[in-house]
Amino acid sequence: MTDDLDELRDLTRRFLAKELEPNQDLWSRQHAVDREFWNAAGAIGLLCISCPERYGGGGGTFAHEAVVIEEQARIADDCWAYNVHSTIVAHYINAYGSEEQKRRWLPGMARGELVGAIAMTEPGAGSDLQAIRTTAVRDGDHYVINGSKTFITNGTHCDLLIIAARTGEERGGKGLSLIVAETRGLRGFHRGRVLSKIGQHGQDTRELSFTDMRVPVANLLGEEGQGFGQLMAQLPQERLTIAVSAVAAAEHAVDLAVEYAKTRTAFGQQLLAFQNTRFVLAECRTEALALRTFVDHCIMRHLDGALDMATASMAKYLATDKQSEIIDRCLQIFGGYGYITEYPIARMYAGARVQRIYGGTNEIMKELIARSL
């Protein structure tokens with residue numbers, strides 16, 4: 001942490017308390033944050049915070065991204081998909097976009113005028129990206145894209161959509177490319193149903209489909225056939241992002257349980273007076289601190305450009321496994337109230353489950369780690 005990061009944490013905390021927390025219930029019911037919220041976040045400089053200043057970003061590092069993600073977790077927010085927009089989509093454009101593409105798209109993303117999403121997962125292709133079937137066939141100066149995607153976060157509001165599509169005949173990952181669709185008024189682009197999920201109800205997670213959708217060839221990121229390699233290169237940061245949110249959520253769950261155990265009584269004494277409660281919380285606090293130490297180590301390696309695929313996979317699987325376990329144990333301390341969704345611990349419990357699935361399932365993470373042995 002530095003003075004700069006401390007100031008960012010304070011700014012983020014005040015912004016979220018004013019603009020996000022009062023709207024969590026509304027956004028959960030409508031399955032999306034208000035579109036204007038993106039503009040508000042951009043206006044104070046929270047979006048694309050680690051992108052270069054010459055493209056409208058904040059000129060920061062992943063450490064700045066981590067601060068915002070942590071502050072979200074510490075208010076049990078699972079509505080605003082900041083990480084997809086700023087930490088994932090913007091970095092694909094910054095890493096692989098041409099100078100013209102970066103100047104055209106990144107400033108709008110930083111201001112919140114353009115909301116970003118990425119379309120990898122398909123109904124028949126989850127963690128196995130080499131099984132993608134969406135096609136992009138070149139026709140003059142355009143690609144004609146056909147296919148469908150599912151589980152797309154920011155699917156309702158996205159103005160920029162990075163699509164993983166097959167541009168070549170090669171099997172596996174060799175024929176994949178990344179193409180950016182500018183969705184406003186785009187013919188052949190269809191937003192499907194909003195998906196009803198166990199948790200994270202405030203995120204606009206949808207199905208998307210493309211029917212003879214024409215996208216300029218100029219919107220290709222990099223070169224044809226590079227898509228799989230681009231995805232693999234960016235996935236360590238995505239997985240570290242998930243780990244950061246997981247450890248912050250685990251820490252917040254312990255804080256909530258400690259506070260509740262100090263104020264709730266049973267059989268004439270505080271819950272915290274019972275040895276079992278004290279031991280459970282002591283174990284959870286210890287595990288959260290150990291997890292924090294490991295994730296901070298991974299953040300430092302990433303800032304040094306040394307975070308490898310296997311270590312990022314370790315962080316993602318371990319952090320999300322422990323997040324679910326710690327939140328579950330803390331929820332038990334709340335008794336029946338832990339099952340009521342007006343209590344943050346209940347929403348955290350439901351929202352944590354998908355952390356072990358997206359970004360590559362934890363079983364895939366173990367496979368990636370095993371390949372490095």
# chains A, B, ... in the order shown; residues from 1 in each chain; ligands from 1
>>> residues_around(residues="stretch 43-47 of chain A", least_positions_apart="4", cutoff="7 Å", atoms="only C-alpha atoms", output="VMD selection string")
chain A and resid 39 58 86 110 to 111
>>> select_by_dssp(residues="stretch 32-113 of chain A", states="helix (DSSP H, G or I)", output="ChimeraX atom specification")
/A:35-43,53-55,62-73,82-96,99-111
>>> residues_around(residues="stretch 76-79 of chain A", least_positions_apart="4", cutoff="10 Å", atoms="only C-alpha atoms", output="PyMOL selection string")
chain A and resi 16+20-21+23-25+27-28+31-33+69-72+199-204+248-249+252-253+343-349+351-352
>>> write_last_selection(atoms="N, CA, C and O atoms", output="short mmCIF file (atom, residue, chain, number, x, y, z; two decimals), in the first residue's frame")
data_model
loop_
_atom_site.label_atom_id
_atom_site.label_comp_id
_atom_site.auth_asym_id
_atom_site.auth_seq_id
_atom_site.Cartn_x
_atom_site.Cartn_y
_atom_site.Cartn_z
N LEU A 16 -18.81 4.33 -3.29
CA LEU A 16 -19.68 3.16 -3.19
C LEU A 16 -20.75 3.33 -2.11
O LEU A 16 -21.90 2.90 -2.29
N LEU A 20 -23.70 3.29 -4.58
CA LEU A 20 -23.96 1.88 -4.81
C LEU A 20 -24.77 1.22 -3.70
O LEU A 20 -25.82 0.62 -3.97
N GLU A 21 -24.30 1.32 -2.47
CA GLU A 21 -24.96 0.62 -1.37
C GLU A 21 -26.46 0.88 -1.28
O GLU A 21 -27.25 -0.06 -1.10
N ASN A 23 -28.54 1.32 -3.50
CA ASN A 23 -29.26 0.79 -4.66
C ASN A 23 -29.14 -0.72 -4.82
O ASN A 23 -29.68 -1.27 -5.79
N GLN A 24 -28.46 -1.38 -3.91
CA GLN A 24 -28.21 -2.81 -4.10
C GLN A 24 -29.49 -3.64 -4.23
O GLN A 24 -29.59 -4.50 -5.10
N ASP A 25 -30.47 -3.36 -3.39
CA ASP A 25 -31.72 -4.13 -3.45
C ASP A 25 -32.46 -3.87 -4.76
O ASP A 25 -32.97 -4.81 -5.40
N TRP A 27 -31.18 -2.88 -7.64
CA TRP A 27 -30.45 -3.47 -8.77
C TRP A 27 -30.57 -4.98 -8.77
O TRP A 27 -30.60 -5.61 -9.84
N SER A 28 -30.65 -5.58 -7.61
CA SER A 28 -30.84 -7.03 -7.55
C SER A 28 -32.19 -7.42 -8.12
O SER A 28 -32.32 -8.44 -8.81
N HIS A 31 -32.00 -6.86 -11.92
CA HIS A 31 -30.93 -7.66 -12.52
C HIS A 31 -29.95 -6.83 -13.35
O HIS A 31 -29.41 -7.30 -14.35
N ALA A 32 -29.68 -5.63 -12.91
CA ALA A 32 -28.70 -4.78 -13.58
C ALA A 32 -28.54 -3.50 -12.78
O ALA A 32 -29.49 -3.01 -12.17
N VAL A 33 -27.32 -2.96 -12.78
CA VAL A 33 -27.13 -1.63 -12.20
C VAL A 33 -27.74 -0.61 -13.17
O VAL A 33 -27.95 -0.90 -14.35
N ILE A 69 -11.62 -3.42 -6.33
CA ILE A 69 -12.25 -4.73 -6.20
C ILE A 69 -12.43 -5.10 -4.73
O ILE A 69 -13.47 -5.63 -4.32
N GLU A 70 -11.42 -4.82 -3.91
CA GLU A 70 -11.52 -5.11 -2.47
C GLU A 70 -12.63 -4.32 -1.82
O GLU A 70 -13.39 -4.84 -0.98
N GLU A 71 -12.75 -3.05 -2.17
CA GLU A 71 -13.78 -2.22 -1.54
C GLU A 71 -15.19 -2.69 -1.92
O GLU A 71 -16.12 -2.58 -1.12
N GLN A 72 -15.34 -3.19 -3.13
CA GLN A 72 -16.62 -3.78 -3.50
C GLN A 72 -16.94 -4.98 -2.61
O GLN A 72 -18.05 -5.11 -2.10
N GLY A 199 -27.09 -16.58 -7.17
CA GLY A 199 -26.65 -15.35 -6.50
C GLY A 199 -26.23 -14.32 -7.52
O GLY A 199 -26.47 -14.46 -8.72
N GLN A 200 -25.60 -13.24 -7.04
CA GLN A 200 -25.16 -12.14 -7.89
C GLN A 200 -26.31 -11.64 -8.78
O GLN A 200 -26.17 -11.44 -9.98
N HIS A 201 -27.46 -11.43 -8.14
CA HIS A 201 -28.67 -11.08 -8.89
C HIS A 201 -28.58 -9.71 -9.54
O HIS A 201 -29.28 -9.45 -10.52
N GLY A 202 -27.75 -8.83 -9.03
CA GLY A 202 -27.68 -7.48 -9.58
C GLY A 202 -26.84 -7.36 -10.84
O GLY A 202 -26.83 -6.31 -11.47
N GLN A 203 -26.12 -8.42 -11.20
CA GLN A 203 -25.32 -8.38 -12.43
C GLN A 203 -26.17 -8.75 -13.63
O GLN A 203 -26.96 -9.69 -13.57
N ASP A 204 -26.00 -8.00 -14.72
CA ASP A 204 -26.79 -8.26 -15.92
C ASP A 204 -26.12 -9.35 -16.76
O ASP A 204 -25.41 -9.09 -17.72
N ALA A 248 -10.95 -10.74 -0.10
CA ALA A 248 -11.60 -9.60 0.54
C ALA A 248 -12.98 -9.99 1.07
O ALA A 248 -13.40 -9.54 2.15
N ALA A 249 -13.69 -10.83 0.33
CA ALA A 249 -15.00 -11.29 0.78
C ALA A 249 -14.87 -12.18 2.02
O ALA A 249 -15.67 -12.09 2.96
N HIS A 252 -14.24 -9.98 4.97
CA HIS A 252 -15.46 -9.26 5.35
C HIS A 252 -16.44 -10.19 6.07
O HIS A 252 -17.10 -9.77 7.03
N ALA A 253 -16.51 -11.44 5.63
CA ALA A 253 -17.40 -12.39 6.30
C ALA A 253 -16.99 -12.59 7.76
O ALA A 253 -17.85 -12.66 8.65
N TYR A 343 -29.70 -10.03 5.10
CA TYR A 343 -28.40 -10.02 5.77
C TYR A 343 -27.31 -10.21 4.71
O TYR A 343 -27.37 -11.15 3.90
N PRO A 344 -26.29 -9.37 4.70
CA PRO A 344 -25.23 -9.48 3.69
C PRO A 344 -24.58 -10.85 3.64
O PRO A 344 -24.21 -11.33 2.56
N ILE A 345 -24.46 -11.52 4.79
CA ILE A 345 -23.78 -12.81 4.81
C ILE A 345 -24.51 -13.83 3.94
O ILE A 345 -23.88 -14.69 3.30
N ALA A 346 -25.83 -13.72 3.86
CA ALA A 346 -26.61 -14.65 3.02
C ALA A 346 -26.34 -14.39 1.55
O ALA A 346 -26.17 -15.33 0.75
N ARG A 347 -26.30 -13.12 1.14
CA ARG A 347 -26.02 -12.78 -0.25
C ARG A 347 -24.58 -13.18 -0.62
O ARG A 347 -24.32 -13.63 -1.74
N MET A 348 -23.68 -13.02 0.34
CA MET A 348 -22.29 -13.40 0.09
C MET A 348 -22.17 -14.91 -0.11
O MET A 348 -21.39 -15.37 -0.96
N TYR A 349 -22.93 -15.66 0.64
CA TYR A 349 -22.90 -17.12 0.54
C TYR A 349 -23.36 -17.55 -0.86
O TYR A 349 -22.71 -18.38 -1.51
N GLY A 351 -23.53 -15.66 -3.61
CA GLY A 351 -22.68 -15.09 -4.65
C GLY A 351 -21.34 -15.77 -4.77
O GLY A 351 -20.72 -15.75 -5.83
N ALA A 352 -20.86 -16.38 -3.67
CA ALA A 352 -19.53 -16.98 -3.67
C ALA A 352 -19.45 -18.24 -4.53
O ALA A 352 -18.38 -18.58 -5.04
#
>>> residues_around(residues="A:Gly168", least_positions_apart="5", cutoff="8 Å", atoms="only C-alpha atoms", output="mmCIF file with C-alpha atoms, in the first residue's frame")
data_model
loop_
_atom_site.group_PDB
_atom_site.id
_atom_site.type_symbol
_atom_site.label_atom_id
_atom_site.label_comp_id
_atom_site.auth_asym_id
_atom_site.auth_seq_id
_atom_site.Cartn_x
_atom_site.Cartn_y
_atom_site.Cartn_z
ATOM 1 C CA LYS A 174 -5.479 -22.168 -33.812
ATOM 2 C CA GLY A 175 -8.467 -20.765 -35.713
ATOM 3 C CA LEU A 176 -9.735 -18.414 -32.992
ATOM 4 C CA GLU A 224 -6.372 -13.627 -37.271
ATOM 5 C CA GLY A 225 -5.656 -16.838 -35.412
#
>>> residues_around(residues="A:Ile364", least_positions_apart="2", cutoff="12 Å", atoms="only C-alpha atoms", output="list of chain:residue names")
A:Gly126, A:Ser127, A:Asp128, A:Leu129, A:Arg239, A:Met309, A:Ala310, A:Ser313, A:Met314, A:Lys316, A:Tyr317, A:Arg356, A:Ile357, A:Tyr358, A:Gly359, A:Gly360, A:Thr361, A:Asn362, A:Lys366, A:Glu367, A:Leu368, A:Ile369, A:Ala370, A:Arg371
>>> atom_distance(atom1="atom CA of A:Val295", atom2="atom CA of A:His64")
14.8 Å
>>> closest_residue(among="A:Gly173, A:Gly56, A:Pro123, A:Gly335", to="A:Asn94", atoms="only C-alpha atoms")
A:Gly56
